[in-house]
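Visitor: Okay, handing you the structure first.
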Amino acid sequence: MGALLLDRLSLTYEQRSSGSSFLALSEVNLAVRDGEFVTIVGPSGCGKSTLLMLIAALLQPSKGSVRLNGTEVTGPGSDRALVFQDFALLPWRTVLANVELGLELKGIRAAERREIARRHIAMVGLRAFERHYPHQLSGGMRQRVGIARALSVGPEVLLMDEPFGALDAQIRQVMGSELLRIWERDRKTILFVTHDIDEAIYLADRIIVMSASPGRIIEDIPVTLARPRPLEIRNSPEFSVYRQRIWDLLEEQVRASGSWEQEGAKH
Amino acid sequence: MVAETSSAGAERGVSLQTLLAHPQARLLVGLAAVLLFLIAWQIVGAGEIVRSDLISYPTEIIRTFFSMAASGELTTNAAVSLQEFVQGFVPAVLVGVAIGTGFALSRRLRAMFEPLVIALNTSPIIAFVPIVVVWFGVGLQSKSVMVFLASVIPVIINTTTGIGEVNEAWIRACRAFGARRRQVVMKAILPGALPSLMAGIRLSVGRAVVALIAAEMYVSVRGIGRLIQVYSTSDRAAEIFVLVAIVSSFGFLLVTLLRRVEDWLAPWKRDS
């Protein structure tokens with residue numbers, strides 16, 4: 001079970017040196033059903049990654065709460081697992097040892113965690129690379145390790161923070177369809193942040209569109225494209241309708257905030 | 001015409017460069033240079049072109065090595081130096097890593113003691129020999145203290161730098177999967193800082209060896225440095241070369257060994 005409820009979630013960053021404060025997220029309300037694949041899009045700096053950090057409890061909200069299956073989330077836990085844009089693998093660990101990290105921290109015995117890790121490495125298609133180090137792998141393969149690491153702890157919710165943002169366009173599409181293949185096996189709840197509109201549509205049951213800073217939810221769009229979805233679905237007329245609608249919403253936000261110009265400064 | 005000549009020259013330059021790109025060829029060129037130097041030395045020394053008691057020559061040095069080894073003076077003195085080295089070096093590594101970690105974790109500690117460390121790092125450690133001898137006597141202890149002083153500083157500095165350069169993503173990954181503070185240190189910070197820490201240990205070998213020999217030469221009863229001092233007063237170039245070669249070989253072997261350990265501990269640094 002992985003039903004998420006975000007209730008008036010807000011985050012204010014206090015600048016201790018200047019005494020000023022910055023409202024990153026404002027009153028985000030969102031209910032995600034168990035097994036739903038939700039993508040989140042929004043202009044740069046709208047706080048969509050911050051939202052995932054709050055759900056993971058790596059950040060504490062200033063107001064509001066996160067509930068998972070009815071229970072308030074108070075700290076990091078293996079019921080939620082993160083996949084990062086920069087992969088965040090440990091370079092001194094092999095693929096196998098990297099996937100074992102979460103299981104180690106959960107206190108699972110060596111033999112058992114090896115078995116679980118192996119199973120998930122096979123699931124992402126890296127069986128032949130167990131003994132490789134991250135620097136010996138391509139970006140796409142590294143992120144497969146990141147996904148295996150996250151799934152191996154048996155989370156209720158998978159939190160993916162622009163996981164394919166560092167990959168080439170083509171690899172990115174292949175990884176998207178691979179992710180759907182894995183997801184369709186056990187239908188874990190996924191929250192997937194991206195700034196790629198096509199990716200957001202292709203993957204999602206629902207697309208959440210966020211406003212420019214301070215981040216709020218401005219639109220909640222159900223996607224009714226049939227599954228399983230072939231990559232060519234991107235060329236279909238239905239897909240274009242979604243694309244145009246989201247593009248219009250985002251263009252409005254970007255123009256209103258001038259965040260286009262700020263993008264360079266924020267990174 | 002001019003253009004033609006310069007292009008031919010450039011071509012030759014490229015071919016030498018491609019030759020030197022092969023590691024084996026590079027090694028061969030290096031060995032050839034050493035061999036050439038040894039032959040020249042042999043001719044100049046053995047032919048008495050320069051007084052051979054001042055510069056000696058390779059075959060005499062080899063002969064001297066065997067006679068010194070046979071008499072037992074090498075092993076007894078090397079044993080003393082080695083003991084002094086180990087007694088100073090091992091504590092320096094342990095203390096250096098501890099202090100370096102302290103600096104990295106506590107801003108206050110760092111603010112208090114970092115200027116002192118930087119000052120010591122740039123000061124000529126050998127100048128402390130007389131005072132260390134006054135404090136610790138002429139025996140082994142004063143030499144170990146010199147080794148300690150010379151090697152602890154690079155270990156401190158590199159440990160602090162290494163921990164400071166630990167990638168934020170490694171810590172984030174551990175925290176995301178529920179690591180507590182101590183687990184973050186054990187699983188992300190220490191392994192991440194290890195290469196820099198090992199580099200610090202490697203760097204300090206040379207400084208420690210120099211400090212040890214200098215201290216022995218200043219005042220001691222036994223040790224390789226003591227032998228160098230004795231032979232230098234009687235113009236015995238061959239013996240001095242033997243002793244210097246032994247000291248250098250020791251440093252070289254230790255550094256090579258440490259590099260192997262480093263490669264084994266941090267395979268991702270080796271290949272990148």
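In the structure tokens, each chain is lettered A, B, ... as it comes, each chain's residues begin at 1, and ligands are numbered from 1 in order of appearance.
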Go through segment 174-206 of chain A and flag each residue having an atom no more than 10 Å from segment 221-233 of chain A; for those, report the closest pair of atoms plus their distance in Å to one decimal, using only C-alpha atoms, ordered by chain and rising number, as a Markdown table.

Guide:
```
| residue | atom | partner | partner_atom | distance |
| --- | --- | --- | --- | --- |
| A:Val174 | CA | A:Leu231 | CA | 8.2 |
| A:Gly176 | CA | A:Leu231 | CA | 8.9 |
| A:Ser177 | CA | A:Leu231 | CA | 7.1 |
| A:Leu180 | CA | A:Pro228 | CA | 8.0 |
| A:Arg181 | CA | A:Pro228 | CA | 8.2 |
| A:Glu184 | CA | A:Pro228 | CA | 8.3 |
| A:Ala200 | CA | A:Val223 | CA | 9.9 |
| A:Ile201 | CA | A:Val223 | CA | 7.1 |
| A:Tyr202 | CA | A:Arg229 | CA | 7.5 |
| A:Leu203 | CA | A:Arg229 | CA | 8.5 |
| A:Ala204 | CA | A:Val223 | CA | 6.4 |
| A:Asp205 | CA | A:Val223 | CA | 5.0 |
| A:Arg206 | CA | A:Pro222 | CA | 4.2 |
```

Visitor: Kindly provide, as number ranges by chain, the residues of chain A having any atom no farther than 12 Å from an atom of chain B, counting only C-alpha atoms.

Guide: A: 52-59, 74-94, 97-107, 132-137, 146, 149-155, 158-159

Visitor: Go ahead and save the picked residues with C-alpha atoms, as a PDB file, in the first residue's frame.

Guide:
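Below is the file that was written, result_21.pdb:
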```pdb
ATOM      1  CA  LEU A  52      10.044  15.133  -2.885  1.00  0.00           C
ATOM      2  CA  MET A  53      12.593  15.963  -0.146  1.00  0.00           C
ATOM      3  CA  LEU A  54       9.699  16.804   2.175  1.00  0.00           C
ATOM      4  CA  ILE A  55       7.966  13.501   1.420  1.00  0.00           C
ATOM      5  CA  ALA A  56      11.270  11.682   2.002  1.00  0.00           C
ATOM      6  CA  ALA A  57      11.563  13.714   5.234  1.00  0.00           C
ATOM      7  CA  LEU A  58      15.073  14.842   4.359  1.00  0.00           C
ATOM      8  CA  LEU A  59      13.553  18.301   4.884  1.00  0.00           C
ATOM      9  CA  THR A  74       8.264  12.106  10.660  1.00  0.00           C
ATOM     10  CA  GLY A  75      11.644  10.914   9.377  1.00  0.00           C
ATOM     11  CA  PRO A  76      13.402   9.062   6.559  1.00  0.00           C
ATOM     12  CA  GLY A  77      12.305   5.451   6.239  1.00  0.00           C
ATOM     13  CA  SER A  78      12.395   2.540   3.840  1.00  0.00           C
ATOM     14  CA  ASP A  79       8.673   2.929   3.051  1.00  0.00           C
ATOM     15  CA  ARG A  80       9.793   5.765   0.735  1.00  0.00           C
ATOM     16  CA  ALA A  81      12.854   5.465  -1.528  1.00  0.00           C
ATOM     17  CA  LEU A  82      14.565   8.188  -3.556  1.00  0.00           C
ATOM     18  CA  VAL A  83      16.163   8.089  -6.987  1.00  0.00           C
ATOM     19  CA  PHE A  84      18.369  11.106  -7.686  1.00  0.00           C
ATOM     20  CA  GLN A  85      19.227  13.025 -10.835  1.00  0.00           C
ATOM     21  CA  ASP A  86      22.962  12.733 -10.068  1.00  0.00           C
ATOM     22  CA  PHE A  87      22.536   8.993  -9.260  1.00  0.00           C
ATOM     23  CA  ALA A  88      24.310   9.523  -5.883  1.00  0.00           C
ATOM     24  CA  LEU A  89      26.094   6.177  -6.045  1.00  0.00           C
ATOM     25  CA  LEU A  90      29.088   5.460  -3.808  1.00  0.00           C
ATOM     26  CA  PRO A  91      32.105   5.221  -6.167  1.00  0.00           C
ATOM     27  CA  TRP A  92      34.077   2.818  -3.934  1.00  0.00           C
ATOM     28  CA  ARG A  93      31.275   0.277  -3.957  1.00  0.00           C
ATOM     29  CA  THR A  94      30.527  -2.190  -6.734  1.00  0.00           C
ATOM     30  CA  ALA A  97      27.404  -3.226  -2.843  1.00  0.00           C
ATOM     31  CA  ASN A  98      25.682  -0.014  -3.962  1.00  0.00           C
ATOM     32  CA  VAL A  99      22.347  -1.771  -4.245  1.00  0.00           C
ATOM     33  CA  GLU A 100      22.948  -3.315  -0.814  1.00  0.00           C
ATOM     34  CA  LEU A 101      23.384   0.097   0.848  1.00  0.00           C
ATOM     35  CA  GLY A 102      19.732   0.623   1.746  1.00  0.00           C
ATOM     36  CA  LEU A 103      19.382  -2.967   2.958  1.00  0.00           C
ATOM     37  CA  GLU A 104      22.502  -2.586   5.101  1.00  0.00           C
ATOM     38  CA  LEU A 105      21.060   0.531   6.720  1.00  0.00           C
ATOM     39  CA  LYS A 106      17.833  -1.378   7.314  1.00  0.00           C
ATOM     40  CA  GLY A 107      19.893  -3.926   9.260  1.00  0.00           C
ATOM     41  CA  HIS A 132      31.586  -3.315 -11.825  1.00  0.00           C
ATOM     42  CA  TYR A 133      32.193   0.057 -10.219  1.00  0.00           C
ATOM     43  CA  PRO A 134      29.965   3.030 -11.084  1.00  0.00           C
ATOM     44  CA  HIS A 135      32.722   4.801 -13.066  1.00  0.00           C
ATOM     45  CA  GLN A 136      32.862   1.789 -15.390  1.00  0.00           C
ATOM     46  CA  LEU A 137      29.179   2.201 -16.318  1.00  0.00           C
ATOM     47  CA  GLY A 146      19.964   3.860  -8.556  1.00  0.00           C
ATOM     48  CA  ARG A 149      18.903   0.394  -4.931  1.00  0.00           C
ATOM     49  CA  ALA A 150      15.621   2.202  -4.329  1.00  0.00           C
ATOM     50  CA  LEU A 151      13.375  -0.773  -5.163  1.00  0.00           C
ATOM     51  CA  SER A 152      15.423  -3.245  -3.125  1.00  0.00           C
ATOM     52  CA  VAL A 153      14.370  -1.725   0.218  1.00  0.00           C
ATOM     53  CA  GLY A 154      10.771  -2.564  -0.671  1.00  0.00           C
ATOM     54  CA  PRO A 155       9.303   0.960  -0.535  1.00  0.00           C
ATOM     55  CA  LEU A 158       9.154   5.560  -5.144  1.00  0.00           C
ATOM     56  CA  LEU A 159      10.279   9.200  -5.246  1.00  0.00           C
TER      57      LEU A 159
END
```

Visitor: With a distance cut-off of 12 Å and only C-alpha atoms, select the neighbouring residues of Lys63 of chain A, excluding the residue or stretch itself and same-chain residues fewer than 3 positions from it, and output the selection as number ranges by chain.

Guide: A: 6-13, 23-29, 54, 59-60, 66

Visitor: What gap, in Å, lies between atom CA of Ala199 of chain B and atom CA of Ala92 of chain B?

Guide: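 Value for the atom CA of Ala199 of chain B-atom CA of Ala92 of chain B distance: 14.2 Å.
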
Visitor: I'd like the neighbourhood of Val205 of chain B as a PDB file with N, CA and C atoms, in the first residue's frame, where a residue qualifies if any of its atoms comes within 12 Å (using only C-alpha atoms), though same-chain residues fewer than 4 positions away should be ignored.

Guide:
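Printed below is selection.pdb as written:
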```pdb
ATOM      1  N   PHE B  85      62.062   4.996  12.959  1.00  0.00           N
ATOM      2  CA  PHE B  85      61.077   5.427  11.971  1.00  0.00           C
ATOM      3  C   PHE B  85      59.676   4.945  12.340  1.00  0.00           C
ATOM      4  N   VAL B  86      59.570   3.640  12.601  1.00  0.00           N
ATOM      5  CA  VAL B  86      58.259   3.062  12.900  1.00  0.00           C
ATOM      6  C   VAL B  86      57.662   3.681  14.154  1.00  0.00           C
ATOM      7  N   GLY B  88      58.003   6.567  15.281  1.00  0.00           N
ATOM      8  CA  GLY B  88      57.527   7.932  15.073  1.00  0.00           C
ATOM      9  C   GLY B  88      56.392   7.994  14.065  1.00  0.00           C
ATOM     10  N   PHE B  89      56.481   7.128  13.036  1.00  0.00           N
ATOM     11  CA  PHE B  89      55.560   7.232  11.899  1.00  0.00           C
ATOM     12  C   PHE B  89      54.156   6.726  12.228  1.00  0.00           C
ATOM     13  N   VAL B  90      54.094   5.559  12.872  1.00  0.00           N
ATOM     14  CA  VAL B  90      52.787   4.974  13.167  1.00  0.00           C
ATOM     15  C   VAL B  90      51.953   5.888  14.080  1.00  0.00           C
ATOM     16  N   ALA B  92      52.254   9.038  14.309  1.00  0.00           N
ATOM     17  CA  ALA B  92      51.957  10.251  13.539  1.00  0.00           C
ATOM     18  C   ALA B  92      50.721  10.052  12.669  1.00  0.00           C
ATOM     19  N   VAL B  93      50.609   8.862  12.057  1.00  0.00           N
ATOM     20  CA  VAL B  93      49.449   8.583  11.208  1.00  0.00           C
ATOM     21  C   VAL B  93      48.177   8.576  12.059  1.00  0.00           C
ATOM     22  N   VAL B 147      60.680  12.199  13.603  1.00  0.00           N
ATOM     23  CA  VAL B 147      59.868  11.554  12.556  1.00  0.00           C
ATOM     24  C   VAL B 147      58.399  11.918  12.746  1.00  0.00           C
ATOM     25  N   PHE B 148      57.961  11.866  13.991  1.00  0.00           N
ATOM     26  CA  PHE B 148      56.568  12.189  14.302  1.00  0.00           C
ATOM     27  C   PHE B 148      56.236  13.622  13.865  1.00  0.00           C
ATOM     28  N   LEU B 149      57.088  14.561  14.283  1.00  0.00           N
ATOM     29  CA  LEU B 149      56.820  15.968  13.964  1.00  0.00           C
ATOM     30  C   LEU B 149      56.778  16.210  12.456  1.00  0.00           C
ATOM     31  N   ALA B 150      57.692  15.557  11.736  1.00  0.00           N
ATOM     32  CA  ALA B 150      57.766  15.792  10.293  1.00  0.00           C
ATOM     33  C   ALA B 150      56.561  15.197   9.564  1.00  0.00           C
ATOM     34  N   SER B 151      56.049  14.063  10.045  1.00  0.00           N
ATOM     35  CA  SER B 151      55.009  13.381   9.266  1.00  0.00           C
ATOM     36  C   SER B 151      53.592  13.683   9.729  1.00  0.00           C
ATOM     37  N   VAL B 152      53.423  14.164  10.953  1.00  0.00           N
ATOM     38  CA  VAL B 152      52.050  14.357  11.438  1.00  0.00           C
ATOM     39  C   VAL B 152      51.343  15.488  10.688  1.00  0.00           C
ATOM     40  N   ILE B 153      52.089  16.494  10.295  1.00  0.00           N
ATOM     41  CA  ILE B 153      51.474  17.681   9.685  1.00  0.00           C
ATOM     42  C   ILE B 153      50.806  17.370   8.333  1.00  0.00           C
ATOM     43  N   PRO B 154      51.508  16.733   7.390  1.00  0.00           N
ATOM     44  CA  PRO B 154      50.822  16.423   6.121  1.00  0.00           C
ATOM     45  C   PRO B 154      49.614  15.510   6.316  1.00  0.00           C
ATOM     46  N   VAL B 155      49.692  14.607   7.289  1.00  0.00           N
ATOM     47  CA  VAL B 155      48.551  13.716   7.534  1.00  0.00           C
ATOM     48  C   VAL B 155      47.350  14.528   8.021  1.00  0.00           C
ATOM     49  N   MET B 198      45.235   8.778   2.444  1.00  0.00           N
ATOM     50  CA  MET B 198      46.363   7.935   2.057  1.00  0.00           C
ATOM     51  C   MET B 198      47.436   8.758   1.353  1.00  0.00           C
ATOM     52  N   ALA B 199      47.009   9.739   0.550  1.00  0.00           N
ATOM     53  CA  ALA B 199      47.966  10.603  -0.131  1.00  0.00           C
ATOM     54  C   ALA B 199      48.777  11.382   0.894  1.00  0.00           C
ATOM     55  N   GLY B 200      48.139  11.798   1.963  1.00  0.00           N
ATOM     56  CA  GLY B 200      48.825  12.519   3.032  1.00  0.00           C
ATOM     57  C   GLY B 200      49.880  11.649   3.686  1.00  0.00           C
ATOM     58  N   ILE B 201      49.546  10.401   3.927  1.00  0.00           N
ATOM     59  CA  ILE B 201      50.483   9.466   4.540  1.00  0.00           C
ATOM     60  C   ILE B 201      51.678   9.253   3.613  1.00  0.00           C
ATOM     61  N   VAL B 209      61.650  10.591   6.461  1.00  0.00           N
ATOM     62  CA  VAL B 209      62.969  10.005   6.218  1.00  0.00           C
ATOM     63  C   VAL B 209      64.049  11.089   6.317  1.00  0.00           C
ATOM     64  N   VAL B 210      63.809  12.233   5.698  1.00  0.00           N
ATOM     65  CA  VAL B 210      64.779  13.331   5.749  1.00  0.00           C
ATOM     66  C   VAL B 210      65.018  13.763   7.191  1.00  0.00           C
ATOM     67  N   ALA B 211      63.925  13.914   7.950  1.00  0.00           N
ATOM     68  CA  ALA B 211      64.051  14.353   9.340  1.00  0.00           C
ATOM     69  C   ALA B 211      64.836  13.330  10.157  1.00  0.00           C
ATOM     70  N   LEU B 212      64.571  12.060   9.905  1.00  0.00           N
ATOM     71  CA  LEU B 212      65.244  10.999  10.655  1.00  0.00           C
ATOM     72  C   LEU B 212      66.754  11.027  10.418  1.00  0.00           C
ATOM     73  N   VAL B 247      68.722   4.483   1.964  1.00  0.00           N
ATOM     74  CA  VAL B 247      67.652   5.345   2.486  1.00  0.00           C
ATOM     75  C   VAL B 247      66.614   5.622   1.392  1.00  0.00           C
ATOM     76  N   SER B 248      67.098   5.945   0.172  1.00  0.00           N
ATOM     77  CA  SER B 248      66.171   6.246  -0.925  1.00  0.00           C
ATOM     78  C   SER B 248      65.329   5.030  -1.277  1.00  0.00           C
ATOM     79  N   PHE B 250      64.467   2.606   0.639  1.00  0.00           N
ATOM     80  CA  PHE B 250      63.467   2.409   1.678  1.00  0.00           C
ATOM     81  C   PHE B 250      62.253   3.311   1.425  1.00  0.00           C
ATOM     82  N   GLY B 251      62.526   4.599   1.182  1.00  0.00           N
ATOM     83  CA  GLY B 251      61.440   5.539   0.916  1.00  0.00           C
ATOM     84  C   GLY B 251      60.638   5.142  -0.310  1.00  0.00           C
ATOM     85  N   PHE B 252      61.357   4.754  -1.356  1.00  0.00           N
ATOM     86  CA  PHE B 252      60.705   4.371  -2.612  1.00  0.00           C
ATOM     87  C   PHE B 252      59.785   3.169  -2.406  1.00  0.00           C
ATOM     88  N   LEU B 253      60.305   2.158  -1.707  1.00  0.00           N
ATOM     89  CA  LEU B 253      59.517   0.943  -1.479  1.00  0.00           C
ATOM     90  C   LEU B 253      58.261   1.236  -0.660  1.00  0.00           C
ATOM     91  N   LEU B 254      58.442   2.059   0.383  1.00  0.00           N
ATOM     92  CA  LEU B 254      57.306   2.362   1.256  1.00  0.00           C
ATOM     93  C   LEU B 254      56.230   3.137   0.493  1.00  0.00           C
ATOM     94  N   VAL B 255      56.675   4.113  -0.315  1.00  0.00           N
ATOM     95  CA  VAL B 255      55.718   4.907  -1.097  1.00  0.00           C
ATOM     96  C   VAL B 255      54.977   4.020  -2.100  1.00  0.00           C
ATOM     97  N   THR B 256      55.725   3.117  -2.753  1.00  0.00           N
ATOM     98  CA  THR B 256      55.105   2.205  -3.722  1.00  0.00           C
ATOM     99  C   THR B 256      54.079   1.305  -3.039  1.00  0.00           C
ATOM    100  N   LEU B 257      54.469   0.788  -1.883  1.00  0.00           N
ATOM    101  CA  LEU B 257      53.566  -0.073  -1.122  1.00  0.00           C
ATOM    102  C   LEU B 257      52.286   0.676  -0.746  1.00  0.00           C
ATOM    103  N   LEU B 258      52.463   1.924  -0.281  1.00  0.00           N
ATOM    104  CA  LEU B 258      51.301   2.715   0.125  1.00  0.00           C
ATOM    105  C   LEU B 258      50.400   3.005  -1.061  1.00  0.00           C
ATOM    106  N   ARG B 259      51.018   3.190  -2.235  1.00  0.00           N
ATOM    107  CA  ARG B 259      50.216   3.452  -3.427  1.00  0.00           C
ATOM    108  C   ARG B 259      49.378   2.221  -3.797  1.00  0.00           C
TER     109      ARG B 259
END
```

Visitor: Could you tell me how far atom CA of Gly139 of chain A sits from atom CA of His195 of chain A, in Å to one decimal place?

Guide: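 If I compute the distance from atom CA of His195 of chain A to atom CA of Gly139 of chain A, I get 18.5 Å.
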
Visitor: If you measure from atom CA of Arg144 of chain A to atom CA of Gln173 of chain A, what distance in Å do you get, rounded to one decimal?

Guide: 13.6 Å

Visitor: Using only C-alpha atoms, can you tell me which of A:Leu96, A:Val32, A:Val73, A:Leu179 comes closest to Arg131 of chain A?

Guide: A:Leu96

Visitor: Give the helix (DSSP H, G or I) residues of segment 3-230 of chain A, as DSSP finds them on the backbone, and put them as JSON, numbers by chain.

Guide: {"A": [48, 49, 50, 51, 52, 53, 54, 55, 56, 95, 96, 97, 98, 99, 100, 101, 102, 103, 104, 105, 110, 111, 112, 113, 114, 115, 116, 117, 118, 119, 120, 121, 122, 123, 127, 128, 129, 134, 135, 136, 139, 140, 141, 142, 143, 144, 145, 146, 147, 148, 149, 150, 151, 152, 169, 170, 171, 172, 173, 174, 175, 176, 177, 178, 179, 180, 181, 182, 183, 184, 185, 186, 197, 198, 199, 200, 201, 202, 203]}

Visitor: Store the residues of this selection in a file with C-alpha atoms, as a PDB file, in the first residue's frame.

Guide:
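Listing of again-v5.pdb after writing:
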```
ATOM      1  CA  LYS A  48       9.150  20.355  -7.237  1.00  0.00           C
ATOM      2  CA  SER A  49      12.335  18.673  -5.977  1.00  0.00           C
ATOM      3  CA  THR A  50      11.783  20.245  -2.569  1.00  0.00           C
ATOM      4  CA  LEU A  51       8.393  18.554  -2.513  1.00  0.00           C
ATOM      5  CA  LEU A  52      10.044  15.133  -2.885  1.00  0.00           C
ATOM      6  CA  MET A  53      12.593  15.963  -0.146  1.00  0.00           C
ATOM      7  CA  LEU A  54       9.699  16.804   2.175  1.00  0.00           C
ATOM      8  CA  ILE A  55       7.966  13.501   1.420  1.00  0.00           C
ATOM      9  CA  ALA A  56      11.270  11.682   2.002  1.00  0.00           C
ATOM     10  CA  VAL A  95      27.075  -2.302  -8.311  1.00  0.00           C
ATOM     11  CA  LEU A  96      26.132  -5.088  -5.908  1.00  0.00           C
ATOM     12  CA  ALA A  97      27.404  -3.226  -2.843  1.00  0.00           C
ATOM     13  CA  ASN A  98      25.682  -0.014  -3.962  1.00  0.00           C
ATOM     14  CA  VAL A  99      22.347  -1.771  -4.245  1.00  0.00           C
ATOM     15  CA  GLU A 100      22.948  -3.315  -0.814  1.00  0.00           C
ATOM     16  CA  LEU A 101      23.384   0.097   0.848  1.00  0.00           C
ATOM     17  CA  GLY A 102      19.732   0.623   1.746  1.00  0.00           C
ATOM     18  CA  LEU A 103      19.382  -2.967   2.958  1.00  0.00           C
ATOM     19  CA  GLU A 104      22.502  -2.586   5.101  1.00  0.00           C
ATOM     20  CA  LEU A 105      21.060   0.531   6.720  1.00  0.00           C
ATOM     21  CA  ALA A 110      24.423 -10.156   4.665  1.00  0.00           C
ATOM     22  CA  ALA A 111      23.202 -13.318   2.941  1.00  0.00           C
ATOM     23  CA  GLU A 112      19.645 -12.097   2.664  1.00  0.00           C
ATOM     24  CA  ARG A 113      20.552  -8.629   1.403  1.00  0.00           C
ATOM     25  CA  ARG A 114      22.848 -10.119  -1.222  1.00  0.00           C
ATOM     26  CA  GLU A 115      19.984 -12.232  -2.481  1.00  0.00           C
ATOM     27  CA  ILE A 116      17.563  -9.268  -2.558  1.00  0.00           C
ATOM     28  CA  ALA A 117      20.141  -7.017  -4.242  1.00  0.00           C
ATOM     29  CA  ARG A 118      20.909  -9.631  -6.909  1.00  0.00           C
ATOM     30  CA  ARG A 119      17.238 -10.008  -7.721  1.00  0.00           C
ATOM     31  CA  HIS A 120      16.809  -6.262  -8.236  1.00  0.00           C
ATOM     32  CA  ILE A 121      20.013  -5.958 -10.265  1.00  0.00           C
ATOM     33  CA  ALA A 122      18.656  -8.643 -12.566  1.00  0.00           C
ATOM     34  CA  MET A 123      15.350  -6.783 -12.760  1.00  0.00           C
ATOM     35  CA  ARG A 127      23.184  -9.047 -13.940  1.00  0.00           C
ATOM     36  CA  ALA A 128      26.488  -9.089 -15.847  1.00  0.00           C
ATOM     37  CA  PHE A 129      27.717  -5.930 -14.128  1.00  0.00           C
ATOM     38  CA  PRO A 134      29.965   3.030 -11.084  1.00  0.00           C
ATOM     39  CA  HIS A 135      32.722   4.801 -13.066  1.00  0.00           C
ATOM     40  CA  GLN A 136      32.862   1.789 -15.390  1.00  0.00           C
ATOM     41  CA  GLY A 139      24.918   7.150 -17.248  1.00  0.00           C
ATOM     42  CA  GLY A 140      21.893   5.037 -18.112  1.00  0.00           C
ATOM     43  CA  MET A 141      23.385   2.002 -16.395  1.00  0.00           C
ATOM     44  CA  ARG A 142      24.254   4.040 -13.313  1.00  0.00           C
ATOM     45  CA  GLN A 143      20.668   5.155 -12.984  1.00  0.00           C
ATOM     46  CA  ARG A 144      19.524   1.544 -13.324  1.00  0.00           C
ATOM     47  CA  VAL A 145      21.676   0.912 -10.242  1.00  0.00           C
ATOM     48  CA  GLY A 146      19.964   3.860  -8.556  1.00  0.00           C
ATOM     49  CA  ILE A 147      16.558   2.372  -9.359  1.00  0.00           C
ATOM     50  CA  ALA A 148      17.579  -1.111  -8.174  1.00  0.00           C
ATOM     51  CA  ARG A 149      18.903   0.394  -4.931  1.00  0.00           C
ATOM     52  CA  ALA A 150      15.621   2.202  -4.329  1.00  0.00           C
ATOM     53  CA  LEU A 151      13.375  -0.773  -5.163  1.00  0.00           C
ATOM     54  CA  SER A 152      15.423  -3.245  -3.125  1.00  0.00           C
ATOM     55  CA  ALA A 169      17.523  12.240 -25.164  1.00  0.00           C
ATOM     56  CA  GLN A 170      17.463   8.768 -26.670  1.00  0.00           C
ATOM     57  CA  ILE A 171      18.647   6.880 -23.578  1.00  0.00           C
ATOM     58  CA  ARG A 172      16.142   8.916 -21.659  1.00  0.00           C
ATOM     59  CA  GLN A 173      13.204   7.583 -23.696  1.00  0.00           C
ATOM     60  CA  VAL A 174      14.429   4.010 -23.417  1.00  0.00           C
ATOM     61  CA  MET A 175      14.830   4.391 -19.647  1.00  0.00           C
ATOM     62  CA  GLY A 176      11.287   5.752 -19.453  1.00  0.00           C
ATOM     63  CA  SER A 177       9.824   2.718 -21.181  1.00  0.00           C
ATOM     64  CA  GLU A 178      12.003   0.406 -19.031  1.00  0.00           C
ATOM     65  CA  LEU A 179      10.693   2.113 -15.920  1.00  0.00           C
ATOM     66  CA  LEU A 180       7.113   1.527 -17.094  1.00  0.00           C
ATOM     67  CA  ARG A 181       7.901  -2.130 -17.726  1.00  0.00           C
ATOM     68  CA  ILE A 182       9.208  -2.506 -14.146  1.00  0.00           C
ATOM     69  CA  TRP A 183       6.348  -0.479 -12.707  1.00  0.00           C
ATOM     70  CA  GLU A 184       3.708  -2.543 -14.482  1.00  0.00           C
ATOM     71  CA  ARG A 185       4.925  -5.686 -12.691  1.00  0.00           C
ATOM     72  CA  ASP A 186       3.989  -4.550  -9.190  1.00  0.00           C
ATOM     73  CA  ILE A 197       6.835  17.587 -20.813  1.00  0.00           C
ATOM     74  CA  ASP A 198       6.826  14.530 -23.139  1.00  0.00           C
ATOM     75  CA  GLU A 199       8.338  12.374 -20.419  1.00  0.00           C
ATOM     76  CA  ALA A 200       5.720  13.596 -17.950  1.00  0.00           C
ATOM     77  CA  ILE A 201       2.849  12.638 -20.287  1.00  0.00           C
ATOM     78  CA  TYR A 202       4.334   9.347 -21.461  1.00  0.00           C
ATOM     79  CA  LEU A 203       4.790   7.982 -17.932  1.00  0.00           C
TER      80      LEU A 203
END
```

Visitor: So which residues of segment 9-253 of chain A fall under strand (DSSP E) by DSSP, listed as an MDAnalysis selection string?

Guide: chainID A and resid 9:14 21:32 37:41 63:68 71:72 80:83 157:161 189:193 206:210 217:222

Visitor: Set the distance at 9 Å and use only C-alpha atoms: which residues neighbour Leu190 of chain B once local chain neighbours fewer than 6 positions away are removed? I'd like the list as a CSV table (one decimal) with N, CA and C atoms, in the first residue's frame.

Guide:
```
chain,number,residue,atom,x,y,z
B,162,GLY,N,40.5,16.0,2.8
B,162,GLY,CA,39.8,14.8,2.3
B,162,GLY,C,38.4,14.8,2.8
B,163,ILE,N,38.2,15.0,4.0
B,163,ILE,CA,36.8,15.0,4.6
B,163,ILE,C,36.0,16.2,4.0
B,166,VAL,N,34.5,15.4,0.6
B,166,VAL,CA,33.5,14.4,0.4
B,166,VAL,C,32.3,14.9,-0.3
B,184,VAL,N,26.5,7.6,8.7
B,184,VAL,CA,27.0,8.5,7.6
B,184,VAL,C,28.5,8.7,7.6
```
